[in-house]
Amino acid sequence: MTRHDKLRRTIHGLSACAALLALAGAAAPLAAQGPSIKPAPVATTPAATSTQAPVSPPAPGSSPAAGSTSAVGADKVAAPAAVPPPAPVTEPVMHWSLADAQQLLEVINGIGAEGLAPADYKPAALKAALLAGEGPDLDAAASKAMAWLIEDLRDGRTPMEARVQWFAVDQDVEVNPTEAVMTRALASHDIAGTLAALDPTYPDYAVLKQALANTPRAQTKARALIRANMDRWRWFSRDLGEYYLMTNVPEFQLRLVRRDKIVRTYRTIVGKPGKTATPQLAEKVQNVVFNPTWTVPQSIVVGEGMGAKYVNNPALAARDGYKVTVQPDGMVIVVQQPGPKNSLGIVKIDMPNPHAIYLHDTPSRGLFNSPSRAYSHGCVRTERALELGMMLAILKAGKTPEEVTAISTSGKYTKVPLTSPMPVYIGYFTMAKDINGQLITWPDIYARDAAVLASFAQPRAVKTGQRTSNEKVEAIDAPGA
């Protein structure tokens with residue numbers, strides 16, 4: 001197939017996708033969408049003795065970590081400075097009537113339906129306080145149990161140290177602060193409904209919840225896996241936005257989604273198990289780069305001798321598609337130029353983050369036909385990336401099909417900034433609906449289930465203000481497989 005035929009097929013694909021978006025009610029250009037849920041007005045409730053101080057939300061496209069992070073590769077973003085160990089959160093204490101506390105006890109006794117354990121929320125202590133009647137003891141017991149339920153249903157029960165390479169900042173603590181949720185519950189006297197409103201809106205959560213209900217209690221391993229993957233949805237923000245990209249690493253698939261319905265899917269190649277495994281992120285696509293360059297990491301320039309090979313032979317470097325410069329301090333910089341052999345292919349979907357992870361094309365497209373596709377050095381290689389990049393440029397940067405065709409065929413590096421960034425989520429679910437809507441279990445390619453399952457087998461850990469993992473990430477999308 002000639003390059004012209006490929007482009008014609010890509011444009012045809014764009015037309016088909018645009019039609020799908022129009023059918024979904026998206027005929028107009030995609031608008032910037034963040035989480036649509038907003039906290040309800042806070043009513044006045046007596047005896048609020050302390051509050052959980054909201055944490056300032058991160059800037060768009062950022063992903064602050066609790067500790068140091070390293071990134072190797074092109075377009076690095078400076079790692080955040082180390083911060084002191086996070087302190088435990090402080091829960092509010094409010095006045096509880098007997099009726100509200102009794103309703104809370106009933107919610108706790110039935111919380112197993114949400115994949116949580118009633119024992120975590122001290123039902124015996126709450127029952128004893130109820131028998132003693134209204135007063136400070138009931139207020140303390142009910143407030144703590146309610147706060148812990150809010151935290152776990154909103155943010156997930158799994159402690160941060162069990163979330164391997166988790167760097168997706170959950171915005172729900174700002175959207176629904178613990179005190180505001182408890183205040184709403186007590187003002188409305190609808191404890192159960194207020195807590196149920198914290199459930200993730202993504203359809204997979206409800207599917208997993210139903211699967212848990214249908215799985216016999218004797219099947220402990222199956223139920224534990226369902227509970228772990230239900231909790232993973234709580235780690236993300238409750239509402240992912242109107243439009244977004246979602247990739248599930250073990251599934252090797254990327255979805256373009258509108259209102260939680262799949263519009264388009266793309267196969268992916270993700271990081272190899274080990275130090276270049278793909279981390280879990282919640283970022284925003286800021287630019288589409290056509291005909292990208294690739295700055296070769298120093299681990300290859302120095303460690304594999306590429307710099308020494310090319311520094312005194314610019315003709316050889318040019319023939320192989322590289323440009324070499326020597327910095328004043330003697331550092332050799334090697335940049336792979338745009339072209340059919342470029343490691344990033346024709347398109348890079350740029351989502352600035354401290355880990356240098358992004359979506360991109362690849363010259364090794366035959367690897368998309370493999371059933372298991374953990375071959376990359378951290379970044380997410382994307383099937384039909386040109387189609388995706390052109391579509392984003394058209395729908396979110398105002399380009400015409402003719403303009404993006406000319407840009408992509410020019411052979412020149414061109415960065416197209418999006419006027420409204422597209423949220424992109426990299427998740428890790430070992431049980432979820434596949435792209436055909438079937439509930440599937442995938443191999444745990446990075447062995448990340450064990451830590452989550454172990455945490456569920458232990459008593460609930462006290463929550464802290466930590467929002468992400470403090471691990472390091474090495475992203476090196478190198479040539480070849």
# chains A, B, ... in the order shown; residues from 1 in each chain; ligands from 1
$ select_by_dssp --residues "segment 178-351 of chain A" --states "strand (DSSP E)" --output "PyMOL selection string"
chain A and resi 243-248+253-258+261-271+281-290+294-295+322-326+332-336+347-350
$ residues_around --residues "Ala128 of chain A" --least-positions-apart "2" --cutoff "12 Å" --atoms "only C-alpha atoms" --output "number ranges by chain"
A: 98, 101-102, 105, 122-126, 130-134, 137-138, 141-142
$ closest_residue --among "A:Pro401, A:Gly274, A:Gly135, A:Pro279" --to "Thr247 of chain A" --atoms "only C-alpha atoms"
A:Pro279
$ residues_around --residues "Gln458 of chain A" --least-positions-apart "5" --cutoff "12 Å" --atoms "only C-alpha atoms" --output "tab-separated table (two decimals) with N, CA and C atoms, in the first residue's frame"
chain	number	residue	atom	x	y	z
A	117	ALA	N	-15.35	-3.86	53.44
A	117	ALA	CA	-15.58	-4.74	54.57
A	117	ALA	C	-16.26	-3.98	55.70
A	119	ALA	N	-16.36	-4.51	58.82
A	119	ALA	CA	-15.53	-4.43	60.03
A	119	ALA	C	-14.62	-3.22	60.04
A	120	ASP	N	-14.25	-2.72	58.84
A	120	ASP	CA	-13.37	-1.55	58.77
A	120	ASP	C	-13.97	-0.32	59.43
A	157	ARG	N	-10.02	2.42	48.99
A	157	ARG	CA	-9.55	1.91	50.27
A	157	ARG	C	-8.06	1.60	50.25
A	158	THR	N	-7.52	1.24	49.09
A	158	THR	CA	-6.13	0.81	48.98
A	158	THR	C	-5.18	1.92	49.41
A	159	PRO	N	-4.28	1.66	50.38
A	159	PRO	CA	-3.31	2.69	50.77
A	159	PRO	C	-2.33	2.99	49.64
A	162	ALA	N	0.43	0.64	48.36
A	162	ALA	CA	0.04	-0.55	47.62
A	162	ALA	C	-0.35	-0.24	46.18
A	451	ALA	N	-0.21	-6.51	45.70
A	451	ALA	CA	-0.17	-5.49	46.75
A	451	ALA	C	-1.57	-5.00	47.10
A	452	VAL	N	-2.43	-4.87	46.11
A	452	VAL	CA	-3.80	-4.41	46.37
A	452	VAL	C	-4.56	-5.48	47.15
A	453	LEU	N	-4.45	-6.72	46.71
A	453	LEU	CA	-5.14	-7.82	47.39
A	453	LEU	C	-4.66	-7.96	48.83
$ residues_around --residues "Ala374 of chain A" --least-positions-apart "4" --cutoff "12 Å" --atoms "only C-alpha atoms" --output "list of chain:residue names"
A:Val249, A:Pro250, A:Glu251, A:Phe252, A:Gln253, A:Arg267, A:Thr268, A:Ile269, A:Val270, A:Gly271, A:Lys272, A:Pro273, A:Gly274, A:Thr276, A:Ala277, A:Thr278, A:Leu367, A:Phe368, A:Ser370, A:Gly378, A:Cys379, A:Val380, A:Arg381, A:Pro443, A:Asp444, A:Ile445, A:Tyr446, A:Ala481
$ write_last_selection --atoms "C-alpha atoms" --output "short mmCIF file (atom, residue, chain, number, x, y, z; two decimals), in the first residue's frame"
data_model
loop_
_atom_site.label_atom_id
_atom_site.label_comp_id
_atom_site.auth_asym_id
_atom_site.auth_seq_id
_atom_site.Cartn_x
_atom_site.Cartn_y
_atom_site.Cartn_z
CA VAL A 249 -2.46 -1.37 30.17
CA PRO A 250 -3.12 -5.13 30.55
CA GLU A 251 -5.73 -5.01 27.77
CA PHE A 252 -3.38 -3.30 25.27
CA GLN A 253 -6.20 -1.04 24.05
CA ARG A 267 -4.47 -1.25 19.90
CA THR A 268 -1.50 -0.28 22.04
CA ILE A 269 2.00 -1.44 22.88
CA VAL A 270 2.94 -0.73 26.49
CA GLY A 271 6.06 -0.88 28.63
CA LYS A 272 7.95 -4.06 29.31
CA PRO A 273 7.59 -5.45 32.84
CA GLY A 274 10.31 -4.10 35.10
CA THR A 276 10.21 0.61 32.12
CA ALA A 277 6.67 -0.56 32.92
CA THR A 278 4.04 2.01 31.95
CA LEU A 367 3.92 -5.65 16.60
CA PHE A 368 0.28 -4.55 16.94
CA SER A 370 0.83 -9.73 18.63
CA GLY A 378 7.36 3.02 29.02
CA CYS A 379 5.44 5.13 26.50
CA VAL A 380 2.24 3.91 24.85
CA ARG A 381 2.69 3.13 21.16
CA PRO A 443 -3.04 -11.39 32.88
CA ASP A 444 -1.45 -9.27 35.61
CA ILE A 445 1.56 -8.42 33.42
CA TYR A 446 3.21 -6.14 35.99
CA ALA A 481 11.11 -3.51 19.76
#
$ residues_around --residues "Glu383 of chain A" --least-positions-apart "5" --cutoff "12 Å" --atoms "only C-alpha atoms" --output "PDB file with C-alpha atoms, in the first residue's frame"
ATOM      1  CA  THR A  10      -6.808   7.525   7.318  1.00  0.00           C
ATOM      2  CA  PHE A 252      -3.377  -3.301  25.266  1.00  0.00           C
ATOM      3  CA  GLN A 253      -6.203  -1.037  24.055  1.00  0.00           C
ATOM      4  CA  LEU A 254      -6.862   2.712  23.897  1.00  0.00           C
ATOM      5  CA  ARG A 255     -10.398   4.093  23.794  1.00  0.00           C
ATOM      6  CA  ARG A 264     -13.106   4.582  18.637  1.00  0.00           C
ATOM      7  CA  THR A 265     -10.540   2.010  19.775  1.00  0.00           C
ATOM      8  CA  TYR A 266      -6.827   1.579  19.048  1.00  0.00           C
ATOM      9  CA  ARG A 267      -4.468  -1.253  19.902  1.00  0.00           C
ATOM     10  CA  THR A 268      -1.503  -0.283  22.041  1.00  0.00           C
ATOM     11  CA  ILE A 269       2.001  -1.438  22.880  1.00  0.00           C
ATOM     12  CA  VAL A 270       2.935  -0.728  26.494  1.00  0.00           C
ATOM     13  CA  LEU A 344       8.108   7.882  17.395  1.00  0.00           C
ATOM     14  CA  GLY A 345       6.713   7.301  13.915  1.00  0.00           C
ATOM     15  CA  ILE A 346       4.748  10.075  12.243  1.00  0.00           C
ATOM     16  CA  VAL A 347       2.782  11.374  15.251  1.00  0.00           C
ATOM     17  CA  LYS A 348       3.381  12.043  18.933  1.00  0.00           C
ATOM     18  CA  LEU A 359       1.202   8.249  23.164  1.00  0.00           C
ATOM     19  CA  HIS A 360       2.930   7.908  19.817  1.00  0.00           C
ATOM     20  CA  ASP A 361       3.162   6.153  16.483  1.00  0.00           C
ATOM     21  CA  THR A 362       5.851   3.571  15.710  1.00  0.00           C
ATOM     22  CA  PRO A 363       7.641   2.340  12.586  1.00  0.00           C
ATOM     23  CA  SER A 364       7.294  -1.240  13.931  1.00  0.00           C
ATOM     24  CA  ARG A 365       3.553  -1.518  13.302  1.00  0.00           C
ATOM     25  CA  GLY A 366       3.632  -5.277  12.828  1.00  0.00           C
ATOM     26  CA  LEU A 367       3.918  -5.653  16.597  1.00  0.00           C
ATOM     27  CA  PHE A 368       0.275  -4.546  16.935  1.00  0.00           C
ATOM     28  CA  ASN A 369      -0.708  -7.973  15.614  1.00  0.00           C
ATOM     29  CA  ARG A 373       2.087  -6.292  23.521  1.00  0.00           C
ATOM     30  CA  LEU A 388      -5.927   9.807  16.152  1.00  0.00           C
ATOM     31  CA  GLY A 389      -3.537  12.751  15.871  1.00  0.00           C
TER      32      GLY A 389
END
